$ cat model-v5.pdb   # PDB, C-alpha atoms (C1' of nucleotides)
ATOM      1  CA  MET A   1       5.071   1.201  15.404
ATOM      2  CA  PRO A   2       7.200   3.353  17.576
ATOM      3  CA  GLU A   3       6.977   7.109  17.574
ATOM      4  CA  LEU A   4       9.177   9.516  19.484
ATOM      5  CA  PRO A   5       8.154   8.519  23.030
ATOM      6  CA  GLU A   6       8.655   4.819  22.361
ATOM      7  CA  VAL A   7      12.040   5.382  20.743
ATOM      8  CA  GLU A   8      13.056   7.631  23.636
ATOM      9  CA  VAL A   9      12.087   4.924  26.127
ATOM     10  CA  VAL A  10      14.206   2.423  24.200
ATOM     11  CA  LYS A  11      17.106   4.853  24.011
ATOM     12  CA  ARG A  12      17.101   5.438  27.756
ATOM     13  CA  SER A  13      17.007   1.759  28.575
ATOM     14  CA  LEU A  14      19.775   1.017  26.075
ATOM     15  CA  GLU A  15      21.855   3.704  27.715
ATOM     16  CA  SER A  16      21.608   2.045  31.068
ATOM     17  CA  SER A  17      22.249  -1.457  29.777
ATOM     18  CA  ILE A  18      24.698  -1.604  26.876
ATOM     19  CA  GLN A  19      26.693   1.595  27.155
ATOM     20  CA  ASN A  20      30.393   0.772  27.630
ATOM     21  CA  LEU A  21      29.973  -2.896  26.724
ATOM     22  CA  PHE A  22      32.424  -4.558  24.329
ATOM     23  CA  ILE A  23      31.124  -6.448  21.322
ATOM     24  CA  LYS A  24      32.384  -9.969  20.971
ATOM     25  CA  ARG A  25      30.446 -11.215  17.968
ATOM     26  CA  VAL A  26      27.545 -10.286  15.706
ATOM     27  CA  LYS A  27      25.066 -12.729  14.216
ATOM     28  CA  ILE A  28      22.828 -11.874  11.278
ATOM     29  CA  ASN A  29      19.747 -14.011  10.698
ATOM     30  CA  GLU A  30      18.170 -11.813   8.044
ATOM     31  CA  VAL A  31      19.862  -9.164   5.911
ATOM     32  CA  ASN A  32      16.775  -8.011   4.049
ATOM     33  CA  LEU A  33      15.246  -5.331   6.212
ATOM     34  CA  ARG A  34      13.960  -2.048   4.752
ATOM     35  CA  TYR A  35      17.460  -1.734   3.352
ATOM     36  CA  LYS A  36      19.833  -4.615   3.015
ATOM     37  CA  ILE A  37      22.154  -4.851   5.995
ATOM     38  CA  SER A  38      25.804  -4.603   5.079
ATOM     39  CA  HIS A  39      27.216  -7.852   6.390
ATOM     40  CA  SER A  40      30.798  -6.631   6.230
ATOM     41  CA  LYS A  41      30.070  -3.379   8.042
ATOM     42  CA  LEU A  42      28.040  -5.036  10.745
ATOM     43  CA  THR A  43      30.664  -7.671  11.476
ATOM     44  CA  LYS A  44      33.282  -4.916  11.760
ATOM     45  CA  LEU A  45      31.661  -4.057  15.079
ATOM     46  CA  THR A  46      33.504  -7.009  16.568
ATOM     47  CA  GLY A  47      35.826  -5.828  19.301
ATOM     48  CA  LEU A  48      34.345  -2.331  19.516
ATOM     49  CA  LYS A  49      32.965  -0.643  22.568
ATOM     50  CA  ILE A  50      29.590   1.104  22.578
ATOM     51  CA  LYS A  51      30.289   4.591  23.788
ATOM     52  CA  LYS A  52      27.036   6.473  23.452
ATOM     53  CA  ILE A  53      23.460   6.147  22.251
ATOM     54  CA  GLU A  54      21.413   9.052  20.985
ATOM     55  CA  ARG A  55      17.940   9.560  19.618
ATOM     56  CA  ARG A  56      17.071  11.935  16.795
ATOM     57  CA  SER A  57      13.432  11.901  15.721
ATOM     58  CA  LYS A  58      12.552   8.187  15.541
ATOM     59  CA  PHE A  59      16.144   7.188  14.820
ATOM     60  CA  LEU A  60      18.602   5.630  17.225
ATOM     61  CA  LEU A  61      22.290   6.398  16.785
ATOM     62  CA  PHE A  62      24.984   4.198  18.261
ATOM     63  CA  PHE A  63      28.491   5.586  18.682
ATOM     64  CA  PHE A  64      31.619   3.491  19.154
ATOM     65  CA  ASN A  65      35.307   3.855  19.967
ATOM     66  CA  LYS A  66      35.905   4.012  16.211
ATOM     67  CA  PRO A  67      34.597   6.739  13.872
ATOM     68  CA  ILE A  68      31.484   4.914  12.691
ATOM     69  CA  VAL A  69      27.839   5.428  13.546
ATOM     70  CA  MET A  70      25.130   2.790  13.501
ATOM     71  CA  LEU A  71      21.814   4.296  12.466
ATOM     72  CA  VAL A  72      18.718   2.302  13.396
ATOM     73  CA  HIS A  73      15.087   2.907  12.557
ATOM     74  CA  LEU A  74      12.511   0.592  14.098
ATOM     75  CA  GLY A  75       9.932   0.945  11.338
ATOM     76  CA  MET A  76       6.575  -0.429  12.469
ATOM     77  CA  THR A  77       7.579  -3.500  14.434
ATOM     78  CA  GLY A  78      11.273  -3.167  15.254
ATOM     79  CA  LYS A  79      12.257  -3.952  18.825
ATOM     80  CA  PHE A  80      15.411  -4.397  20.834
ATOM     81  CA  PHE A  81      15.679  -7.030  23.517
ATOM     82  CA  PHE A  82      18.474  -6.954  26.033
ATOM     83  CA  ILE A  83      19.219 -10.311  27.531
ATOM     84  CA  ASN A  84      21.067 -10.045  30.771
ATOM     85  CA  GLN A  85      21.827 -13.692  31.257
ATOM     86  CA  LYS A  86      24.770 -15.892  30.649
ATOM     87  CA  ASN A  87      22.806 -19.125  30.475
ATOM     88  CA  LYS A  88      22.465 -20.364  26.897
ATOM     89  CA  LYS A  89      18.849 -21.388  27.279
ATOM     90  CA  PHE A  90      17.896 -18.081  28.750
ATOM     91  CA  LYS A  91      16.879 -16.546  25.449
ATOM     92  CA  THR A  92      14.098 -19.050  25.034
ATOM     93  CA  SER A  93      12.861 -18.591  28.577
ATOM     94  CA  PHE A  94      13.096 -14.811  28.214
ATOM     95  CA  TYR A  95      10.656 -14.990  25.303
ATOM     96  CA  TYR A  96       8.448 -17.585  26.975
ATOM     97  CA  ASN A  97       8.196 -15.637  30.196
ATOM     98  CA  LEU A  98       6.944 -12.652  28.224
ATOM     99  CA  ASN A  99       4.597 -14.720  26.065
ATOM    100  CA  LEU A 100       6.653 -13.723  23.049
ATOM    101  CA  GLU A 101       7.741 -17.203  22.002
ATOM    102  CA  LYS A 102       6.264 -16.812  18.535
ATOM    103  CA  ASP A 103       8.492 -13.779  18.030
ATOM    104  CA  ILE A 104      11.736 -15.703  18.361
ATOM    105  CA  LYS A 105      11.743 -16.377  14.640
ATOM    106  CA  HIS A 106      11.849 -12.640  13.961
ATOM    107  CA  ASP A 107      15.218 -12.113  15.609
ATOM    108  CA  ARG A 108      17.087 -10.451  12.748
ATOM    109  CA  VAL A 109      20.393  -9.477  14.320
ATOM    110  CA  ILE A 110      22.044 -10.489  17.572
ATOM    111  CA  ILE A 111      24.941  -8.620  19.124
ATOM    112  CA  PHE A 112      26.863 -10.668  21.677
ATOM    113  CA  PHE A 113      28.888  -8.789  24.249
ATOM    114  CA  LYS A 114      32.090  -9.918  25.881
ATOM    115  CA  ASN A 115      30.368 -10.199  29.240
ATOM    116  CA  LYS A 116      27.928 -12.749  27.718
ATOM    117  CA  GLN A 117      25.001 -10.361  27.649
ATOM    118  CA  ARG A 118      23.373  -9.795  24.297
ATOM    119  CA  LEU A 119      21.237  -7.351  22.368
ATOM    120  CA  ILE A 120      18.688  -8.649  19.860
ATOM    121  CA  TYR A 121      17.136  -6.685  17.027
ATOM    122  CA  ASN A 122      13.733  -8.259  16.419
ATOM    123  CA  ASP A 123      11.439  -7.041  13.647
ATOM    124  CA  VAL A 124       8.330  -8.844  12.398
ATOM    125  CA  ARG A 125       7.576  -6.801   9.319
ATOM    126  CA  LYS A 126      11.140  -5.831   8.428
ATOM    127  CA  PHE A 127      10.327  -2.174   7.824
ATOM    128  CA  GLY A 128      13.113  -1.140  10.150
ATOM    129  CA  PHE A 129      16.735  -0.804   9.114
ATOM    130  CA  ILE A 130      20.313  -0.775  10.311
ATOM    131  CA  LYS A 131      22.820   1.356   8.423
ATOM    132  CA  PHE A 132      26.401   2.389   8.992
ATOM    133  CA  LEU A 133      27.680   5.926   8.488
ATOM    134  CA  GLN A 134      30.970   7.728   8.910
ATOM    135  CA  LEU A 135      31.223   9.725  12.121
ATOM    136  CA  SER A 136      32.715  12.684  10.236
ATOM    137  CA  ASN A 137      29.665  13.299   8.074
ATOM    138  CA  TYR A 138      26.786  11.188   9.373
ATOM    139  CA  LYS A 139      24.546  14.204   9.806
ATOM    140  CA  GLU A 140      24.594  14.740   6.060
ATOM    141  CA  ASN A 141      22.898  11.401   5.480
ATOM    142  CA  PHE A 142      19.557  11.925   3.768
ATOM    143  CA  HIS A 143      17.653  10.294   6.612
ATOM    144  CA  LEU A 144      18.950  12.912   9.010
ATOM    145  CA  ASN A 145      19.608  16.070   7.052
ATOM    146  CA  ASN A 146      16.001  16.834   6.134
ATOM    147  CA  LEU A 147      14.523  16.430   9.572
ATOM    148  CA  GLY A 148      12.616  19.249  11.201
ATOM    149  CA  PRO A 149      13.184  20.301  14.814
ATOM    150  CA  GLU A 150      12.656  18.001  17.749
ATOM    151  CA  PRO A 151       9.119  18.596  19.050
ATOM    152  CA  LEU A 152      10.358  18.742  22.645
ATOM    153  CA  GLY A 153      13.066  21.281  21.834
ATOM    154  CA  GLY A 154      12.890  25.052  21.914
ATOM    155  CA  ASN A 155      13.103  25.335  18.141
ATOM    156  CA  PHE A 156       9.606  23.945  17.792
ATOM    157  CA  ASN A 157       7.857  27.178  18.662
ATOM    158  CA  GLN A 158       5.239  29.656  17.492
ATOM    159  CA  ASN A 159       7.535  31.581  15.150
ATOM    160  CA  TYR A 160       8.842  28.442  13.512
ATOM    161  CA  PHE A 161       5.373  26.986  13.100
ATOM    162  CA  LYS A 162       3.971  30.180  11.572
ATOM    163  CA  SER A 163       6.802  30.684   9.143
ATOM    164  CA  TYR A 164       6.692  27.068   8.005
ATOM    165  CA  ILE A 165       2.980  26.935   7.266
ATOM    166  CA  ASN A 166       3.124  30.244   5.468
ATOM    167  CA  ASN A 167       0.114  29.963   3.181
ATOM    168  CA  ARG A 168       0.388  26.204   2.677
ATOM    169  CA  SER A 169      -2.845  24.407   2.089
ATOM    170  CA  ARG A 170      -1.944  21.013   3.493
ATOM    171  CA  PHE A 171      -3.991  19.251   6.157
ATOM    172  CA  VAL A 172      -2.786  19.966   9.651
ATOM    173  CA  LYS A 173      -2.527  16.264  10.476
ATOM    174  CA  ASP A 174      -0.364  15.618   7.437
ATOM    175  CA  ILE A 175       1.997  18.371   8.374
ATOM    176  CA  LEU A 176       2.328  17.124  11.958
ATOM    177  CA  MET A 177       3.344  13.749  10.563
ATOM    178  CA  ASP A 178       5.733  15.256   8.044
ATOM    179  CA  GLN A 179       9.187  14.647   9.509
ATOM    180  CA  ARG A 180      10.539  17.674   7.648
ATOM    181  CA  PHE A 181       8.222  19.923   9.629
ATOM    182  CA  VAL A 182       8.640  18.343  13.037
ATOM    183  CA  ALA A 183      10.584  15.166  13.617
ATOM    184  CA  GLY A 184       9.228  12.306  15.676
ATOM    185  CA  LEU A 185       5.439  12.458  15.568
ATOM    186  CA  GLY A 186       3.499   9.604  13.999
ATOM    187  CA  ASN A 187      -0.102   8.627  13.558
ATOM    188  CA  ILE A 188      -1.100   8.066  17.177
ATOM    189  CA  TYR A 189       0.327  11.252  18.608
ATOM    190  CA  ALA A 190      -0.816  13.407  15.685
ATOM    191  CA  ASN A 191      -4.385  12.250  16.384
ATOM    192  CA  GLU A 192      -4.067  12.783  20.122
ATOM    193  CA  ILE A 193      -2.486  16.228  19.793
ATOM    194  CA  LEU A 194      -5.255  17.453  17.498
ATOM    195  CA  PHE A 195      -7.969  16.136  19.778
ATOM    196  CA  SER A 196      -6.532  17.947  22.787
ATOM    197  CA  SER A 197      -6.064  21.083  20.687
ATOM    198  CA  LYS A 198      -9.699  20.837  19.491
ATOM    199  CA  ILE A 199      -8.687  21.007  15.854
ATOM    200  CA  LYS A 200      -9.966  18.757  13.082
ATOM    201  CA  PRO A 201      -7.290  16.695  11.293
ATOM    202  CA  THR A 202      -8.547  18.059   7.973
ATOM    203  CA  ARG A 203      -8.033  21.720   8.806
ATOM    204  CA  LYS A 204      -5.801  23.428   6.271
ATOM    205  CA  VAL A 205      -2.749  24.775   8.042
ATOM    206  CA  LYS A 206      -3.075  28.226   6.546
ATOM    207  CA  THR A 207      -6.410  28.679   8.347
ATOM    208  CA  LEU A 208      -4.918  28.057  11.794
ATOM    209  CA  LYS A 209      -5.237  30.962  14.199
ATOM    210  CA  ASP A 210      -2.393  31.987  16.501
ATOM    211  CA  ASN A 211      -4.047  30.556  19.571
ATOM    212  CA  GLU A 212      -4.648  27.262  17.787
ATOM    213  CA  ILE A 213      -0.993  26.994  16.823
ATOM    214  CA  LYS A 214      -0.143  27.729  20.412
ATOM    215  CA  LYS A 215      -2.375  24.900  21.573
ATOM    216  CA  ILE A 216      -0.874  22.440  19.085
ATOM    217  CA  ILE A 217       2.630  23.244  20.289
ATOM    218  CA  PHE A 218       1.600  23.074  23.930
ATOM    219  CA  PHE A 219      -0.157  19.722  23.623
ATOM    220  CA  THR A 220       2.569  18.247  21.430
ATOM    221  CA  LYS A 221       5.091  18.775  24.191
ATOM    222  CA  LYS A 222       2.726  17.820  26.973
ATOM    223  CA  ILE A 223       1.482  14.584  25.398
ATOM    224  CA  LEU A 224       4.931  13.408  24.314
ATOM    225  CA  LYS A 225       6.430  14.057  27.751
ATOM    226  CA  ASN A 226       3.544  12.339  29.436
ATOM    227  CA  SER A 227       3.845   9.314  27.190
ATOM    228  CA  ILE A 228       7.571   8.972  27.887
ATOM    229  CA  LYS A 229       6.723   9.028  31.575
ATOM    230  CA  PHE A 230       4.298   6.145  31.028
ATOM    231  CA  GLY A 231       6.900   4.099  29.143
ATOM    232  CA  GLY A 232       5.381   4.821  25.720
ATOM    233  CA  SER A 233       2.315   3.259  24.109
ATOM    234  CA  SER A 234       1.873  -0.463  23.542
ATOM    235  CA  ILE A 235      -1.195  -0.993  21.415
ATOM    236  CA  LYS A 236       0.001  -4.182  19.813
ATOM    237  CA  ASP A 237       3.512  -5.147  20.507
ATOM    238  CA  PHE A 238       5.712  -2.261  21.509
ATOM    239  CA  SER A 239       7.911  -3.056  24.455
ATOM    240  CA  SER A 240      11.079  -1.720  25.902
ATOM    241  CA  ILE A 241      14.250  -3.761  25.789
ATOM    242  CA  ASN A 242      13.293  -5.815  28.839
ATOM    243  CA  GLY A 243       9.986  -6.782  27.214
ATOM    244  CA  LYS A 244       8.037  -4.425  29.453
ATOM    245  CA  LYS A 245       5.026  -2.809  27.797
ATOM    246  CA  GLY A 246       4.268   0.902  27.950
ATOM    247  CA  ASN A 247       1.045   2.174  29.468
ATOM    248  CA  PHE A 248       0.272   5.406  27.692
ATOM    249  CA  GLN A 249      -2.350   3.701  25.505
ATOM    250  CA  GLN A 250      -4.638   3.898  28.536
ATOM    251  CA  ASN A 251      -4.503   7.650  28.105
ATOM    252  CA  PHE A 252      -5.537   7.727  24.464
ATOM    253  CA  LYS A 253      -8.471  10.056  24.009
ATOM    254  CA  VAL A 254      -9.258   9.423  20.323
ATOM    255  CA  TYR A 255      -6.833   6.980  18.746
ATOM    256  CA  GLY A 256      -8.584   3.664  18.068
ATOM    257  CA  ARG A 257     -11.855   4.889  19.591
ATOM    258  CA  LYS A 258     -14.062   4.781  16.509
ATOM    259  CA  ASP A 259     -17.789   4.863  17.373
ATOM    260  CA  GLN A 260     -17.022   5.353  21.035
ATOM    261  CA  ILE A 261     -18.335   8.334  22.887
ATOM    262  CA  CYS A 262     -16.092  11.398  23.028
ATOM    263  CA  SER A 263     -13.916  11.474  26.124
ATOM    264  CA  ASN A 264     -14.778  15.075  26.922
ATOM    265  CA  SER A 265     -17.333  14.755  29.702
ATOM    266  CA  ASP A 266     -19.553  17.539  28.379
ATOM    267  CA  CYS A 267     -19.770  16.014  24.889
ATOM    268  CA  ASN A 268     -22.019  13.210  23.718
ATOM    269  CA  SER A 269     -20.744  12.816  20.171
ATOM    270  CA  TYR A 270     -19.180   9.687  18.768
ATOM    271  CA  ILE A 271     -15.636   9.484  17.489
ATOM    272  CA  ILE A 272     -15.329   9.336  13.724
ATOM    273  CA  LYS A 273     -12.664   7.457  11.805
ATOM    274  CA  LEU A 274     -11.591   8.557   8.376
ATOM    275  CA  ASN A 275      -8.706   7.860   6.073
ATOM    276  CA  LEU A 276      -6.327  10.738   5.521
ATOM    277  CA  SER A 277      -3.302  10.172   3.329
ATOM    278  CA  ASN A 278      -3.726   6.450   3.818
ATOM    279  CA  ARG A 279      -3.587   6.665   7.596
ATOM    280  CA  ALA A 280      -6.404   6.183  10.097
ATOM    281  CA  SER A 281      -7.555   9.480  11.566
ATOM    282  CA  PHE A 282      -9.863   9.749  14.550
ATOM    283  CA  TYR A 283     -11.661  12.851  15.706
ATOM    284  CA  CYS A 284     -14.691  14.187  17.502
ATOM    285  CA  PRO A 285     -16.950  16.028  15.040
ATOM    286  CA  LYS A 286     -18.264  18.262  17.809
ATOM    287  CA  CYS A 287     -15.169  19.169  19.807
ATOM    288  CA  GLN A 288     -12.706  19.527  16.953
ATOM    289  CA  LYS A 289     -13.174  22.498  14.650
TER     290      LYS A 289
ATOM    291  C1'  DC B   1       5.303  21.974  -4.167
ATOM    292  C1'  DG B   2       1.333  18.787  -3.167
ATOM    293  C1'  DG B   3      -1.907  15.015  -3.158
ATOM    294  C1'  DG B   4      -2.957  10.334  -3.826
ATOM    295  C1'  DA B   5      -2.009   5.689  -4.820
ATOM    296  C1'  DC B   6       1.016   2.135  -4.152
ATOM    297  C1'  DT B   7       5.033  -0.449  -2.154
ATOM    298  C1'  DC B   8       7.958  -3.007   1.143
ATOM    299  C1'  DC B   9       6.464  -7.412   4.909
ATOM    300  C1'  DT B  10       4.097 -10.362   8.348
ATOM    301  C1'  DG B  11       0.449 -11.441  11.440
ATOM    302  C1'  DA B  12      -4.033 -10.671  13.777
ATOM    303  C1'  DG B  13      -8.788 -10.606  13.609
ATOM    304  C1'  DG B  14     -13.358 -10.632  11.476
ATOM    305  C1'  DG B  15     -16.839 -12.688   8.340
ATOM    306  C1'  DC B  16     -18.490 -16.623   6.148
TER     307       DC B  16
ATOM    308  C1'  DT C   1     -10.310 -25.573  10.171
ATOM    309  C1'  DG C   2      -9.742 -22.644   6.232
ATOM    310  C1'  DC C   3     -10.080 -18.924   3.022
ATOM    311  C1'  DC C   4     -10.333 -14.149   1.981
ATOM    312  C1'  DC C   5     -10.338  -9.546   3.274
ATOM    313  C1'  DT C   6      -8.801  -5.482   5.941
ATOM    314  C1'  DC C   7      -5.875  -3.380   8.954
ATOM    315  C1'  DA C   8      -1.460  -2.081  11.643
ATOM    316  C1'  DG C   9       3.097   3.202  16.088
ATOM    317  C1'  DG C  10       6.629   4.182   9.012
ATOM    318  C1'  DA C  11       8.187   6.189   5.101
ATOM    319  C1'  DG C  12       9.874   6.002   0.374
ATOM    320  C1'  DT C  13       8.687   6.365  -4.787
ATOM    321  C1'  DC C  14       6.024   7.465  -8.772
ATOM    322  C1'  DC C  15       2.542   9.768 -11.362
ATOM    323  C1'  DC C  16      -0.499  13.645 -12.242
TER     324       DC C  16
END

$ encode --input "model-v5.pdb" --output "structure tokens"
Amino acid sequence: MPELPEVEVVKRSLESSIQNLFIKRVKINEVNLRYKISHSKLTKLTGLKIKKIERRSKFLLFFFNKPIVMLVHLGMTGKFFFINQKNKKFKTSFYYNLNLEKDIKHDRVIIFFKNKQRLIYNDVRKFGFIKFLQLSNYKENFHLNNLGPEPLGGNFNQNYFKSYINNRSRFVKDILMDQRFVAGLGNIYANEILFSSKIKPTRKVKTLKDNEIKKIIFFTKKILKNSIKFGGSSIKDFSSINGKKGNFQQNFKVYGRKDQICSNSDCNSYIIKLNLSNRASFYCPKCQK
DNA sequence: CGGGACTCCTGAGGGC
DNA sequence: TGCCCTCAGGAGTCCC
């Protein structure tokens, strides 16, 4: 579900809510996520203080006052809920107030803090995961050590892009979604970036002209930043840790718009949907070359 | 190296 | 009400 902007929104709200809190107890309702949760490692969080939260690509990293790192990936439906209430029944009313009562059964892990607040990891499809790494070498973990540059960073630039695609014949959309090339884009934003750049998802990267690469880089940064500003995209069930939905989906220009008229005012074509590498791809046959 | 098919899992929505 | 099918913000593996 969540791509870079959504994970960034979660990271920022976690920072302002659970940073510096002490963990009192951890409850595991389901160990079988994408990878089996280590019960012993998770319960060792008891007594620790959360010192820092970082985002890398679509991963969240939690740092503590001990040399361990908790690595979390939200998969398609992973969510955190922060419950800022000491009343025992508040969890139920929190879900009910947000019309999420049917989601209660997908609470997989609950972290209770000493101040009686709690953080819930909720994940319908269980494609997310929670892993524990050593602080001294966590960057060498295979999830992290093959990642490309952050799309919003300076390393994602014209020179990098050109040298990477060097004569490769892959589809441009596939490469944008390849975390080894650039880390954090997913299906929605890859579609949106290519629409704004006026490039067809099926263009082979080696045919991209300099000015087209420039446009892709420009719109990648612009669209991601804009989405973060809007609180991310909530097409089905993404929400931040207070249950608040994002609003960037209102700004989608192609994603999910099959058979609808192109959003460029001077175009009267209809948006086409096709399957590329098993993922839905949307584009305007007239505007995107 | 690359493409394509398939996998994990659960729920929503459409057609009949 | 139910059944069956397809689809979903991800990403890993296996086979050719």

$ residues_near_point --input "model-v5.pdb" --point "(24.7, -19.1, 26.1)" --cutoff "12 Å" --atoms "only C-alpha atoms (C1' of nucleotides)" --output "list in words"
Ile83, Asn84, Gln85, Lys86, Asn87, Lys88, Lys89, Phe90, Lys91, Thr92, Phe112, Phe113, Lys114, Asn115, Lys116, Gln117 and Arg118 of chain A

$ resolve_selection --input "model-v5.pdb" --expression "the PyMOL selection byres ((chain A and resi 123) around 6)" --output "list in words"
Thr77, Gly78, His106, Asn122, Val124, Arg125 and Lys126 of chain A

$ resolve_selection --input "model-v5.pdb" --expression "the PyMOL selection byres ((chain B) within 8 of (chain A))" --output "PyMOL selection string"
chain B and resi 2+4+8-10

$ closest_atom_pairs --input "model-v5.pdb" --of "region 113-217 of chain A" --to "region 2-13 of chain C" --cutoff "9 Å" --atoms "all atoms listed in the file" --output "JSON lines"
{"residue": "A:Phe127", "atom": "CA", "partner": "C:DG10", "partner_atom": "C1'", "distance": 7.4}
{"residue": "A:Gly128", "atom": "CA", "partner": "C:DG10", "partner_atom": "C1'", "distance": 8.5}
{"residue": "A:Gly186", "atom": "CA", "partner": "C:DG9", "partner_atom": "C1'", "distance": 6.7}
{"residue": "A:Asn187", "atom": "CA", "partner": "C:DG9", "partner_atom": "C1'", "distance": 6.8}
{"residue": "A:Ile188", "atom": "CA", "partner": "C:DG9", "partner_atom": "C1'", "distance": 6.5}
{"residue": "A:Tyr189", "atom": "CA", "partner": "C:DG9", "partner_atom": "C1'", "distance": 8.9}

$ write_last_selection --input "model-v5.pdb" --atoms "C-alpha atoms" --output "compact mmCIF listing (two decimals), in the frame of the given file"
# COMPACT_ATOMS: atom_id res chain seq x y z
CA PHE A 127 10.33 -2.17 7.82
CA GLY A 128 13.11 -1.14 10.15
CA GLY A 186 3.50 9.60 14.00
CA ASN A 187 -0.10 8.63 13.56
CA ILE A 188 -1.10 8.07 17.18
CA TYR A 189 0.33 11.25 18.61

$ closest_residue --input "model-v5.pdb" --among "A:Glu6, A:Asp178, A:Glu150, A:Asp107" --to "Ile217 (chain A)" --atoms "all atoms listed in the file"
A:Glu150

$ build_atoms --input "model-v5.pdb" --residues "region 75-92 of chain A" --atoms "N, CA and C atoms" --output "tab-separated table (two decimals), keeping the file's coordinate frame"
chain	number	residue	atom	x	y	z
A	75	GLY	N	11.06	1.19	12.23
A	75	GLY	CA	9.93	0.94	11.34
A	75	GLY	C	8.65	0.78	12.13
A	76	MET	N	7.85	-0.21	11.78
A	76	MET	CA	6.58	-0.43	12.47
A	76	MET	C	6.71	-1.42	13.61
A	77	THR	N	7.56	-2.41	13.45
A	77	THR	CA	7.58	-3.50	14.43
A	77	THR	C	8.98	-3.81	14.97
A	78	GLY	N	9.92	-2.91	14.76
A	78	GLY	CA	11.27	-3.17	15.25
A	78	GLY	C	11.36	-3.05	16.77
A	79	LYS	N	12.09	-3.95	17.37
A	79	LYS	CA	12.26	-3.95	18.82
A	79	LYS	C	13.67	-4.39	19.17
A	80	PHE	N	14.17	-3.86	20.27
A	80	PHE	CA	15.41	-4.40	20.83
A	80	PHE	C	15.08	-5.18	22.09
A	81	PHE	N	15.77	-6.30	22.25
A	81	PHE	CA	15.68	-7.03	23.52
A	81	PHE	C	17.07	-7.15	24.09
A	82	PHE	N	17.20	-6.81	25.34
A	82	PHE	CA	18.47	-6.95	26.03
A	82	PHE	C	18.38	-8.16	26.95
A	83	ILE	N	19.27	-9.10	26.73
A	83	ILE	CA	19.22	-10.31	27.53
A	83	ILE	C	20.40	-10.34	28.48
A	84	ASN	N	20.06	-10.20	29.73
A	84	ASN	CA	21.07	-10.04	30.77
A	84	ASN	C	21.27	-11.39	31.48
A	85	GLN	N	21.69	-12.35	30.70
A	85	GLN	CA	21.83	-13.69	31.26
A	85	GLN	C	22.91	-14.43	30.53
A	86	LYS	N	23.66	-15.17	31.26
A	86	LYS	CA	24.77	-15.89	30.65
A	86	LYS	C	24.39	-17.31	30.25
A	87	ASN	N	23.29	-17.78	30.79
A	87	ASN	CA	22.81	-19.12	30.48
A	87	ASN	C	22.33	-19.22	29.02
A	88	LYS	N	22.78	-20.22	28.32
A	88	LYS	CA	22.46	-20.36	26.90
A	88	LYS	C	20.97	-20.49	26.62
A	89	LYS	N	20.27	-21.16	27.52
A	89	LYS	CA	18.85	-21.39	27.28
A	89	LYS	C	18.01	-20.19	27.68
A	90	PHE	N	18.68	-19.18	28.20
A	90	PHE	CA	17.90	-18.08	28.75
A	90	PHE	C	17.11	-17.32	27.69
A	91	LYS	N	17.62	-17.27	26.48
A	91	LYS	CA	16.88	-16.55	25.45
A	91	LYS	C	15.48	-17.11	25.29
A	92	THR	N	15.40	-18.41	25.20
A	92	THR	CA	14.10	-19.05	25.03
A	92	THR	C	13.19	-18.73	26.22
